[in-house]
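*Asks:* Next up, input_30.cif (mmCIF, C-alpha atoms).
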data_upload
loop_
_atom_site.label_atom_id
_atom_site.label_comp_id
_atom_site.auth_asym_id
_atom_site.auth_seq_id
_atom_site.Cartn_x
_atom_site.Cartn_y
_atom_site.Cartn_z
CA MET A 78 -47.15 26.90 0.71
CA LYS A 79 -48.38 24.88 -2.27
CA PRO A 80 -48.27 21.10 -2.46
CA ARG A 81 -46.17 19.36 -5.11
CA THR A 82 -46.49 15.95 -6.72
CA PHE A 83 -43.91 13.26 -5.82
CA ALA A 84 -43.98 9.66 -7.13
CA GLY A 85 -47.64 10.12 -8.06
CA HIS A 86 -48.62 11.45 -4.64
CA LYS A 87 -49.39 14.94 -3.44
CA VAL A 88 -46.75 15.96 -0.89
CA LEU A 89 -45.81 19.11 0.95
CA VAL A 90 -42.58 19.99 2.72
CA LEU A 91 -43.45 20.74 6.33
CA SER A 92 -40.85 22.64 8.32
CA GLY A 93 -40.90 22.99 12.06
CA MET A 94 -43.55 20.30 12.57
CA MET A 95 -41.84 18.20 15.26
CA SER A 96 -44.08 16.14 17.54
CA PHE A 97 -43.18 13.49 20.09
CA GLY A 98 -44.31 9.89 20.11
CA LEU A 99 -43.83 7.08 17.62
CA VAL A 100 -47.07 7.70 15.73
CA ALA A 101 -48.92 11.01 16.08
CA CYS A 102 -51.90 12.20 14.08
CA GLN A 103 -52.45 15.70 12.77
CA PRO A 104 -56.19 16.29 12.18
CA ALA A 105 -57.44 18.02 9.09
CA GLY A 106 -59.41 21.18 9.40
CA GLY A 107 -58.90 24.76 10.45
CA GLY A 108 -55.71 26.27 11.73
CA GLY A 109 -56.66 25.96 15.37
CA GLY A 110 -55.63 28.48 17.94
CA GLY A 111 -52.32 30.18 18.76
CA GLY A 112 -49.11 28.84 17.21
CA GLY A 113 -50.80 25.85 15.57
CA GLY A 114 -52.13 27.83 12.64
CA GLY A 115 -49.18 27.18 10.33
CA GLY A 116 -49.37 23.44 10.98
CA GLY A 117 -53.10 23.36 10.38
CA SER A 118 -52.86 25.03 6.99
CA ASN A 119 -50.07 22.66 5.91
CA VAL A 120 -52.08 19.59 6.89
CA ASN A 121 -55.07 20.93 4.98
CA ALA A 122 -52.97 20.69 1.79
CA ILE A 123 -52.56 16.92 2.36
CA ARG A 124 -55.73 15.87 4.10
CA THR A 125 -54.95 12.16 4.48
CA GLY A 126 -51.42 10.80 4.52
CA ILE A 127 -48.21 9.65 6.25
CA ARG A 128 -45.19 11.67 7.31
CA LEU A 129 -41.93 9.98 8.40
CA VAL A 130 -40.28 12.38 10.86
CA THR A 131 -36.50 11.96 11.22
CA VAL A 132 -33.95 13.35 13.65
CA THR A 133 -32.35 16.59 12.46
CA GLY A 134 -29.45 15.88 10.09
CA ALA A 135 -30.13 12.15 9.91
CA THR A 136 -29.33 10.22 6.72
CA ARG A 137 -30.95 7.15 5.15
CA GLY A 138 -34.42 8.60 5.59
CA GLU A 139 -36.02 7.71 2.25
CA PHE A 140 -38.68 5.08 2.68
CA GLU A 141 -41.23 2.88 0.94
CA ILE A 142 -44.89 2.61 1.82
CA GLN A 143 -46.37 -0.88 1.65
CA ASN A 144 -49.72 -2.38 2.42
CA ALA A 145 -50.18 -3.75 5.93
CA SER A 146 -48.92 -7.22 5.03
CA GLY A 147 -45.88 -5.90 3.14
CA THR A 148 -46.82 -7.68 -0.08
CA VAL A 149 -47.54 -4.58 -2.19
CA THR A 150 -45.36 -1.49 -2.48
CA ILE A 151 -47.55 1.56 -2.81
CA SER A 152 -44.80 4.16 -3.06
CA ASP A 153 -41.01 4.25 -2.93
CA PHE A 154 -38.32 6.92 -2.69
CA ALA A 155 -40.67 8.81 -0.37
CA GLU A 156 -38.82 11.66 1.34
CA PRO A 157 -38.86 12.02 5.10
CA ASN A 158 -40.39 15.03 6.83
CA VAL A 159 -42.97 15.61 4.09
CA ALA A 160 -46.55 14.38 4.04
CA VAL A 161 -47.25 11.67 1.48
CA GLU A 162 -50.87 11.36 0.49
CA VAL A 163 -52.38 7.87 0.90
CA PRO A 164 -55.95 6.68 1.30
CA PRO A 165 -57.20 5.72 4.74
CA GLY A 166 -55.92 2.32 5.82
CA THR A 167 -53.10 0.45 7.58
CA TYR A 168 -49.56 0.54 6.22
CA ARG A 169 -46.02 -0.78 6.64
CA LEU A 170 -42.95 1.43 6.15
CA ILE A 171 -39.49 0.18 5.22
CA ARG A 172 -36.16 1.83 4.37
CA ASN A 173 -36.03 2.46 0.64
CA ASN A 174 -34.57 -0.46 -1.34
CA THR A 175 -33.95 -2.34 1.92
CA ALA A 176 -36.86 -4.71 2.35
CA GLY A 177 -35.47 -6.25 5.51
CA PHE A 178 -35.21 -2.95 7.39
CA VAL A 179 -38.73 -2.24 8.66
CA TYR A 180 -39.32 1.31 9.90
CA ALA A 181 -42.88 0.77 11.18
CA THR A 182 -45.80 -1.64 10.98
CA ASP A 183 -49.52 -1.18 11.60
CA VAL A 184 -49.42 2.52 10.74
CA VAL A 185 -53.07 3.53 10.81
CA VAL A 186 -54.17 6.45 8.65
CA ALA A 187 -57.68 7.80 9.20
CA ALA A 188 -59.59 9.96 6.76
CA GLY A 189 -58.70 13.61 7.13
CA GLN A 190 -55.53 12.94 9.15
CA VAL A 191 -51.77 12.95 8.51
CA THR A 192 -50.11 10.27 10.67
CA ASP A 193 -46.59 11.09 11.87
CA VAL A 194 -44.19 8.17 12.28
CA ARG A 195 -41.28 9.39 14.37
CA MET A 196 -37.82 7.85 13.89
CA GLY A 197 -34.72 7.80 16.06
CA ALA A 198 -31.09 7.72 14.93
CA ILE A 199 -27.72 6.12 15.66
CA THR A 200 -24.47 8.10 15.38
CA LEU A 201 -21.19 6.18 15.47
CA VAL A 202 -18.75 8.80 16.80
CA THR A 203 -15.13 8.15 15.80
CA VAL A 204 -11.86 9.72 16.89
CA PRO A 205 -10.76 12.56 14.55
CA GLY A 206 -8.82 11.09 11.63
CA GLY A 207 -9.93 7.57 12.46
CA VAL A 208 -10.22 5.08 9.62
CA GLU A 209 -12.43 2.01 9.18
CA GLY A 210 -15.42 3.83 10.61
CA GLN A 211 -18.08 2.47 8.23
CA PHE A 212 -20.43 0.14 10.04
CA GLU A 213 -23.39 -2.21 9.71
CA ILE A 214 -26.56 -2.10 11.77
CA GLN A 215 -27.92 -5.45 12.91
CA ASP A 216 -30.87 -6.49 15.02
CA ALA A 217 -30.25 -6.92 18.74
CA ALA A 218 -29.39 -10.60 18.36
CA GLY A 219 -26.93 -9.98 15.51
CA THR A 220 -28.73 -12.46 13.26
CA VAL A 221 -30.13 -9.99 10.70
CA THR A 222 -28.14 -7.25 8.98
CA LEU A 223 -30.46 -4.29 8.53
CA SER A 224 -28.08 -1.95 6.69
CA ASP A 225 -24.43 -1.65 5.74
CA PHE A 226 -21.92 0.95 4.56
CA ASP A 227 -23.29 3.41 7.11
CA GLU A 228 -20.95 6.37 7.55
CA PRO A 229 -19.68 7.43 10.97
CA ASN A 230 -20.28 10.82 12.58
CA VAL A 231 -23.70 11.37 11.01
CA PRO A 232 -27.03 10.30 12.49
CA VAL A 233 -28.40 7.25 10.65
CA THR A 234 -32.18 6.95 10.68
CA VAL A 235 -33.54 3.91 12.54
CA PRO A 236 -36.82 3.22 14.30
CA ALA A 237 -36.96 2.95 18.08
CA GLY A 238 -35.45 -0.35 19.17
CA THR A 239 -32.27 -2.14 20.24
CA TYR A 240 -29.38 -2.72 17.82
CA ARG A 241 -25.96 -4.26 17.37
CA LEU A 242 -23.24 -2.46 15.39
CA VAL A 243 -20.35 -4.17 13.59
CA ARG A 244 -17.53 -2.96 11.36
CA ASN A 245 -18.69 -2.99 7.76
CA ASN A 246 -18.07 -6.33 6.02
CA THR A 247 -16.40 -7.65 9.18
CA ALA A 248 -19.13 -9.45 11.07
CA GLY A 249 -16.78 -10.69 13.76
CA PHE A 250 -15.67 -7.18 14.77
CA VAL A 251 -18.48 -5.95 17.01
CA TYR A 252 -18.52 -2.19 17.64
CA ALA A 253 -21.41 -2.15 20.12
CA THR A 254 -24.28 -4.27 21.44
CA ASN A 255 -27.54 -3.31 23.14
CA VAL A 256 -27.68 0.11 21.48
CA VAL A 257 -31.05 1.46 22.59
CA VAL A 258 -32.73 4.05 20.35
CA THR A 259 -35.83 6.03 21.28
CA ALA A 260 -38.18 7.82 18.90
CA GLY A 261 -37.25 11.44 18.25
CA ALA A 262 -33.71 11.19 19.62
CA GLY A 263 -30.24 10.35 18.38
CA THR A 264 -28.15 7.77 20.23
CA PRO A 265 -24.38 8.40 20.02
CA VAL A 266 -22.02 5.41 20.20
CA THR A 267 -18.53 6.70 20.92
CA MET A 268 -15.56 4.73 19.61
CA GLY A 269 -11.89 4.76 20.52
CA ALA A 270 -8.91 4.08 18.27
CA ILE A 271 -5.53 2.37 18.10
CA THR A 272 -2.54 4.00 16.40
CA LEU A 273 0.50 1.84 15.70
CA GLN A 274 3.33 4.38 15.49
CA THR A 275 6.27 3.31 13.35
CA LEU A 276 9.53 5.09 12.64
CA PRO A 277 10.10 7.08 9.43
CA GLY A 278 11.04 4.76 6.56
CA ALA A 279 10.35 1.61 8.55
CA VAL A 280 8.79 -1.32 6.67
CA GLU A 281 6.42 -4.13 7.71
CA GLY A 282 4.17 -1.78 9.62
CA GLN A 283 0.82 -3.33 8.63
CA PHE A 284 -0.81 -5.12 11.54
CA GLU A 285 -3.76 -7.18 12.70
CA ILE A 286 -6.01 -6.44 15.65
CA GLN A 287 -6.97 -9.40 17.82
CA ASP A 288 -9.05 -9.77 20.96
CA ALA A 289 -7.24 -9.61 24.28
CA THR A 290 -6.58 -13.36 24.35
CA GLY A 291 -5.28 -13.51 20.77
CA THR A 292 -7.78 -16.21 19.83
CA GLN A 293 -9.87 -14.11 17.45
CA THR A 294 -8.60 -11.87 14.66
CA LEU A 295 -10.87 -8.84 14.44
CA SER A 296 -9.25 -7.11 11.46
CA ASP A 297 -6.14 -7.27 9.30
CA PHE A 298 -4.12 -5.18 6.85
CA GLU A 299 -4.38 -2.17 9.15
CA GLU A 300 -2.03 0.67 8.22
CA PRO A 301 0.34 2.19 10.77
CA ASN A 302 0.40 5.84 11.85
CA VAL A 303 -3.36 6.42 11.49
CA PRO A 304 -5.98 5.94 14.21
CA VAL A 305 -7.92 2.73 13.53
CA THR A 306 -11.47 2.81 14.90
CA VAL A 307 -12.15 0.25 17.63
CA PRO A 308 -14.60 0.18 20.53
CA ALA A 309 -13.37 0.60 24.08
CA GLY A 310 -11.65 -2.59 25.20
CA THR A 311 -8.36 -4.47 25.38
CA TYR A 312 -6.54 -5.74 22.30
CA ARG A 313 -3.53 -7.64 21.01
CA LEU A 314 -1.63 -6.46 17.92
CA VAL A 315 0.40 -8.72 15.62
CA ARG A 316 2.28 -8.20 12.38
CA ASN A 317 -0.08 -8.73 9.46
CA ASN A 318 -0.24 -12.36 8.30
CA THR A 319 2.38 -13.26 10.90
CA SER A 320 0.40 -14.28 13.95
CA GLY A 321 3.51 -15.40 15.82
CA PHE A 322 5.09 -11.94 15.68
CA VAL A 323 3.31 -10.06 18.46
CA TYR A 324 3.62 -6.27 18.34
CA ALA A 325 1.79 -5.55 21.60
CA THR A 326 -0.48 -7.17 24.19
CA ALA A 327 -2.94 -5.68 26.67
CA VAL A 328 -3.54 -2.57 24.57
CA THR A 329 -6.29 -0.73 26.44
CA VAL A 330 -8.56 1.64 24.52
CA THR A 331 -11.07 4.05 26.06
CA ALA A 332 -14.02 5.65 24.30
CA GLY A 333 -13.18 8.95 22.62
CA ASN A 334 -9.41 8.43 22.76
CA SER A 335 -6.71 6.97 20.52
CA THR A 336 -4.17 4.69 22.18
CA ALA A 337 -0.72 5.00 20.63
CA VAL A 338 1.53 1.93 20.47
CA LEU A 339 5.09 3.04 19.72
CA MET A 340 7.31 0.64 17.80
CA GLY A 341 11.05 0.45 17.40
CA ALA A 342 13.05 -0.85 14.44
CA LEU A 343 16.20 -2.72 13.56
CA THR A 344 18.41 -2.34 10.52
CA LEU A 345 20.87 -4.93 9.23
CA ALA A 346 23.52 -2.74 7.58
CA THR A 347 25.38 -4.56 4.78
CA LEU A 348 28.21 -3.35 2.57
CA PRO A 349 27.57 -2.01 -0.94
CA GLY A 350 27.16 -4.85 -3.40
CA ALA A 351 27.17 -7.54 -0.75
CA THR A 352 24.98 -10.60 -1.30
CA GLN A 353 23.04 -12.86 1.08
CA GLY A 354 21.78 -9.91 3.05
CA GLN A 355 18.24 -11.14 3.62
CA PHE A 356 17.73 -12.18 7.21
CA GLU A 357 15.33 -13.65 9.73
CA ILE A 358 14.30 -12.18 13.08
CA LEU A 359 14.05 -14.59 16.01
CA ASP A 360 13.09 -14.13 19.64
CA SER A 361 15.77 -13.48 22.23
CA THR A 362 16.39 -17.20 22.74
CA GLY A 363 16.80 -17.85 19.02
CA THR A 364 14.21 -20.63 19.14
CA VAL A 365 11.17 -18.90 17.61
CA SER A 366 11.33 -17.38 14.14
CA LEU A 367 9.27 -14.19 14.10
CA SER A 368 9.78 -13.23 10.46
CA ASP A 369 11.91 -14.04 7.44
CA PHE A 370 12.98 -12.62 4.09
CA GLU A 371 13.71 -9.27 5.70
CA GLU A 372 15.67 -6.92 3.46
CA PRO A 373 18.90 -5.32 4.68
CA ASN A 374 19.59 -1.58 4.91
CA VAL A 375 16.01 -0.58 5.73
CA PRO A 376 14.52 -0.23 9.21
CA VAL A 377 12.24 -3.17 9.98
CA THR A 378 9.43 -2.45 12.42
CA VAL A 379 9.66 -4.44 15.65
CA PRO A 380 8.40 -3.82 19.17
CA ALA A 381 10.82 -3.04 21.96
CA GLY A 382 12.68 -6.19 22.94
CA THR A 383 15.76 -8.35 22.34
CA TYR A 384 16.29 -10.33 19.15
CA VAL A 385 18.52 -12.82 17.36
CA LEU A 386 19.21 -12.32 13.64
CA THR A 387 20.16 -15.12 11.26
CA ARG A 388 20.80 -15.41 7.54
CA ASN A 389 17.50 -16.13 5.80
CA ASN A 390 16.76 -19.86 5.54
CA ALA A 391 20.06 -20.62 7.26
CA SER A 392 19.26 -20.59 10.97
CA ALA A 393 22.70 -21.92 11.90
CA PHE A 394 24.34 -18.81 10.43
CA VAL A 395 23.73 -16.30 13.22
CA TYR A 396 24.24 -12.69 12.21
CA ALA A 397 23.74 -11.21 15.68
CA THR A 398 22.46 -12.06 19.15
CA GLY A 399 21.24 -9.82 21.95
CA VAL A 400 20.02 -7.09 19.60
CA ASN A 401 18.23 -4.67 21.91
CA VAL A 402 15.52 -2.45 20.46
CA THR A 403 13.81 0.36 22.35
CA ALA A 404 10.51 2.00 21.43
CA GLY A 405 11.02 5.00 19.16
CA SER A 406 14.60 4.07 18.18
CA VAL A 407 16.38 2.15 15.44
CA SER A 408 19.02 -0.42 16.40
CA THR A 409 21.59 -0.91 13.64
CA VAL A 410 23.57 -4.14 13.28
CA ASN A 411 26.68 -3.65 11.11
CA MET A 412 27.84 -6.54 8.99
CA GLY A 413 31.16 -7.29 7.35
CA ALA A 414 31.86 -9.36 4.23
CA ILE A 415 34.15 -11.95 2.65
CA ARG A 416 35.27 -11.95 -0.98
CA PHE A 417 37.02 -15.14 -2.11
CA THR A 418 38.95 -14.65 -5.34
CA GLY A 419 40.06 -18.27 -5.75
CA ALA A 420 39.10 -20.64 -8.54
CA THR A 421 36.02 -22.28 -6.99
CA ASP A 422 32.79 -21.54 -5.17
CA PHE A 423 33.17 -21.87 -1.42
CA GLU A 424 31.54 -22.72 1.88
CA ILE A 425 31.79 -20.76 5.11
CA PHE A 426 32.44 -22.51 8.44
CA ASP A 427 32.86 -21.19 11.98
CA ALA A 428 36.30 -20.48 13.41
CA THR A 429 36.81 -24.11 14.45
CA GLY A 430 35.94 -25.40 11.00
CA THR A 431 33.36 -27.80 12.47
CA THR A 432 30.07 -25.98 11.94
CA GLN A 433 28.99 -25.19 8.40
CA LEU A 434 27.35 -21.78 8.13
CA SER A 435 26.65 -21.57 4.39
CA ASP A 436 27.41 -23.21 1.07
CA PHE A 437 27.34 -22.45 -2.64
CA ASP A 438 28.77 -18.98 -2.03
CA GLU A 439 30.12 -17.74 -5.33
CA ARG A 440 33.73 -16.77 -5.90
CA ASN A 441 34.49 -13.11 -6.58
CA THR A 442 31.30 -11.98 -4.84
CA THR A 443 31.06 -9.96 -1.64
CA VAL A 444 29.24 -12.24 0.80
CA THR A 445 27.67 -10.74 3.92
CA VAL A 446 28.93 -12.16 7.22
CA PRO A 447 28.94 -10.77 10.76
CA PRO A 448 32.24 -9.76 12.39
CA GLY A 449 34.17 -12.87 13.42
CA THR A 450 36.68 -15.50 12.36
CA TYR A 451 35.93 -18.10 9.68
CA VAL A 452 37.29 -21.11 7.82
CA LEU A 453 36.59 -21.42 4.07
CA TYR A 454 36.18 -24.72 2.26
CA GLU A 455 36.01 -25.44 -1.41
CA ASN A 456 32.30 -26.03 -2.12
CA ASN A 457 31.17 -29.66 -1.63
CA THR A 458 34.65 -30.84 -0.67
CA THR A 459 36.75 -31.14 2.48
CA ASN A 460 39.49 -28.94 1.02
CA VAL A 461 40.26 -25.95 3.23
CA VAL A 462 41.04 -22.93 1.05
CA ALA A 463 41.53 -20.45 3.90
CA SER A 464 41.56 -20.53 7.70
CA ALA A 465 41.52 -17.90 10.42
CA VAL A 466 39.75 -15.43 8.11
CA VAL A 467 39.06 -12.38 10.28
CA VAL A 468 36.17 -10.10 9.33
CA LEU A 469 35.48 -6.71 10.91
CA ALA A 470 32.20 -4.81 10.92
CA GLY A 471 31.92 -2.47 7.95
CA GLN A 472 34.85 -4.03 6.09
CA VAL A 473 35.39 -6.55 3.29
CA THR A 474 38.02 -9.24 3.88
CA VAL A 475 39.49 -10.39 0.55
CA VAL A 476 40.75 -13.98 0.48
CA PRO A 477 42.90 -14.82 -2.55
#
What would you get if you wrote out this structure as structure tokens?
*Replies:*
Amino acid sequence: MKPRTFAGHKVLVLSGMMSFGLVACQPAGGGGGGGGGGGGSNVNAIRTGIRLVTVTGATRGEFEIQNASGTVTISDFAEPNVAVEVPPGTYRLIRNNTAGFVYATDVVVAAGQVTDVRMGAITLVTVPGGVEGQFEIQDAAGTVTLSDFDEPNVPVTVPAGTYRLVRNNTAGFVYATNVVVTAGAGTPVTMGAITLQTLPGAVEGQFEIQDATGTQTLSDFEEPNVPVTVPAGTYRLVRNNTSGFVYATAVTVTAGNSTAVLMGALTLATLPGATQGQFEILDSTGTVSLSDFEEPNVPVTVPAGTYVLTRNNASAFVYATGVNVTAGSVSTVNMGAIRFTGATDFEIFDATGTTQLSDFDERNTTVTVPPGTYVLYENNTTNVVASAVVVLAGQVTVVP
């Protein structure tokens, strides 16, 4: 096999030359005895040099050769697993274009020898179909980021040592600590996943992942119905950008498995052309608003539980109480409507006429209300325009 020139240096691709130990030297000279003949002839082609030996299939192997102090780059874009010719001396190797990621220091090259520098590798193993698998490699203390945008499920070349892995561009979301890598071997780090399962057509499915106590947000804008890569642990899920709307607590994830969290949904069904259909979702006591500006006639993702629904920005106008939702099902709340055809805009009061539910409702419009009995006032006056107005679910009551 003939040598070729690479970046101004004579190099030779060496196949099958796998030795053990961080730095091993191949002496120049004859082929030796037995099975070593092929290796001896290859080393003769490059008599003095360095070879970075990576784990089979590992990525990120290109490296730079520097002088011992790291102040002068002698060669860059050097390929792993080939001998790079250098004069005798002491060298420092770093990942290519990543000055802070040192592969080896004090690499001694003697005349007539090729010095092997053996790497290890880290493989972040994700659940099939899992998203958000890209990760960063940090030093053991988590103070220095050594590389980022590393892809999961492929061995990433690193020197022997101890590392910390975090989700890419999300320093607070730690995938693993104390990841020990040895020279010549790949270290797998197996992840789990969380899948928030929503019902077909349901909206508001994006969610945030928090730690078990809910004090730290680990990630946001996660999409439902796909496994999201997380390490084994316990988590809390909330609606995205709505920390008070908890989707699930104590979600336990094990390595190699995806934990499914099944949601339910509720639909506020309004009549065609009816106005004021937007609504708020409150807890079962009606004291805590979980979300607002929800649109009618589409399933809204909620966890199993009991809810109170009110007209949006009108908490006194209760659309429904005791709305029970079960996981995997849609609970539908059917509204009615009032159309006042009189000469003025109107206000809606409860059946006793003492509690105002809404105002500035426009005449000749179909206004969404829950089934019940109402009193109508002329807007901004004390003039009653209709009393004992009965509304049934799914029907429009016309008041002349």
*Asks:* Would you compute the distance between CA of Thr442 in chain A and CA of Gln472 in chain A? Give it in Å to one decimal.
*Replies:*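 Separation of CA of Thr442 in chain A and CA of Gln472 in chain A: 14.0 Å.
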*Asks:* Would you mind telling me which residue in A:Thr445, A:Asn173, A:Thr131, A:Thr429 lies nearest to Gly263 in chain A when using all atoms listed in the file?
*Replies:* A:Thr131
*Asks:* Interatomic distance between CA of Val208 in chain A and CA of Asn334 in chain A?
*Replies:* 13.6 Å
*Asks:* Which one is closest to Arg128 in chain A: A:Val191, A:Ala397, A:Val184, A:Ile142? Count only C-alpha atoms.
*Replies:* A:Val191
*Asks:* Work out how far CA of Ala381 in chain A is from CA of Ser361 in chain A, in Å to one decimal.
*Replies:*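 Computing the Euclidean distance for CA of Ser361 in chain A and CA of Ala381 in chain A yields 11.6 Å.
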*Asks:* List the neighbours of Asp436 in chain A out to 7 Å using all atoms listed in the file; skip same-chain residues closer than 5 positions along the sequence, and give me the result as a PyMOL selection string.
*Replies:* chain A and resi 423-425+456
*Asks:* If you keep C-alpha atoms, can you produce a file of those selected residues as a short mmCIF file (atom, residue, chain, number, x, y, z; two decimals), keeping the file's coordinate frame?
*Replies:*
data_model
loop_
_atom_site.label_atom_id
_atom_site.label_comp_id
_atom_site.auth_asym_id
_atom_site.auth_seq_id
_atom_site.Cartn_x
_atom_site.Cartn_y
_atom_site.Cartn_z
CA PHE A 423 33.17 -21.87 -1.42
CA GLU A 424 31.54 -22.72 1.88
CA ILE A 425 31.79 -20.76 5.11
CA ASN A 456 32.30 -26.03 -2.12
#
*Asks:* Pick out the residues sitting within 7 Å of Ala198 in chain A, and hand them over as a list in words; count all atoms listed in the file, and ignore anything fewer than 3 positions along from it in its own chain.
*Replies:* Val132, Ala135, Pro232, Val233, Thr234, Val235, Val258, Ala262, Gly263 and Thr264 of chain A
*Asks:* Report as a PyMOL selection string the residues that result from applying the PyMOL selection byres ((chain A and resi 300-309) around 7) to the structure here.
*Replies:* chain A and resi 203+206-210+252+268-275+282-284+298-299+310+330-332+335
*Asks:* Since the input lacks atoms, please generate all heavy atoms for range 207-214 of chain A and provide them as a compact mmCIF listing (two decimals), in the coordinates of the input.
*Replies:*
# COMPACT_ATOMS: atom_id res chain seq x y z
N GLY A 207 -9.83 9.03 12.38
CA GLY A 207 -9.93 7.57 12.46
C GLY A 207 -10.39 6.96 11.16
O GLY A 207 -11.23 7.52 10.46
N VAL A 208 -9.84 5.80 10.83
CA VAL A 208 -10.22 5.08 9.62
C VAL A 208 -11.07 3.87 10.00
O VAL A 208 -11.23 3.56 11.18
CB VAL A 208 -8.98 4.63 8.82
CG1 VAL A 208 -8.17 5.84 8.39
CG2 VAL A 208 -8.11 3.68 9.64
N GLU A 209 -11.62 3.21 8.98
CA GLU A 209 -12.43 2.01 9.18
C GLU A 209 -13.67 2.31 10.01
O GLU A 209 -14.10 1.49 10.82
CB GLU A 209 -11.63 0.88 9.85
CG GLU A 209 -10.39 0.46 9.10
CD GLU A 209 -10.69 -0.42 7.90
OE1 GLU A 209 -11.86 -0.57 7.54
OE2 GLU A 209 -9.74 -0.95 7.33
N GLY A 210 -14.26 3.47 9.80
CA GLY A 210 -15.42 3.83 10.61
C GLY A 210 -16.74 3.34 10.05
O GLY A 210 -17.74 3.35 10.78
N GLN A 211 -16.80 2.94 8.76
CA GLN A 211 -18.08 2.47 8.23
C GLN A 211 -18.57 1.27 9.04
O GLN A 211 -17.79 0.45 9.49
CB GLN A 211 -17.95 2.09 6.76
CG GLN A 211 -17.95 3.27 5.81
CD GLN A 211 -18.07 2.82 4.37
OE1 GLN A 211 -17.64 1.74 3.99
NE2 GLN A 211 -18.64 3.66 3.53
N PHE A 212 -19.90 1.17 9.18
CA PHE A 212 -20.43 0.14 10.04
C PHE A 212 -21.75 -0.41 9.50
O PHE A 212 -22.37 0.18 8.61
CB PHE A 212 -20.63 0.66 11.46
CG PHE A 212 -21.64 1.76 11.61
CD1 PHE A 212 -22.91 1.51 12.12
CD2 PHE A 212 -21.34 3.07 11.24
CE1 PHE A 212 -23.85 2.51 12.26
CE2 PHE A 212 -22.27 4.09 11.40
CZ PHE A 212 -23.53 3.81 11.90
N GLU A 213 -22.12 -1.56 10.02
CA GLU A 213 -23.39 -2.21 9.71
C GLU A 213 -24.28 -2.14 10.95
O GLU A 213 -23.80 -2.18 12.08
CB GLU A 213 -23.18 -3.67 9.32
CG GLU A 213 -22.36 -3.86 8.06
CD GLU A 213 -22.19 -5.33 7.68
OE1 GLU A 213 -22.88 -6.18 8.29
OE2 GLU A 213 -21.39 -5.63 6.79
N ILE A 214 -25.57 -2.06 10.70
CA ILE A 214 -26.56 -2.10 11.77
C ILE A 214 -27.26 -3.45 11.71
O ILE A 214 -27.77 -3.84 10.67
CB ILE A 214 -27.57 -0.95 11.63
CG1 ILE A 214 -26.86 0.40 11.66
CG2 ILE A 214 -28.63 -1.03 12.73
CD1 ILE A 214 -27.76 1.58 11.37
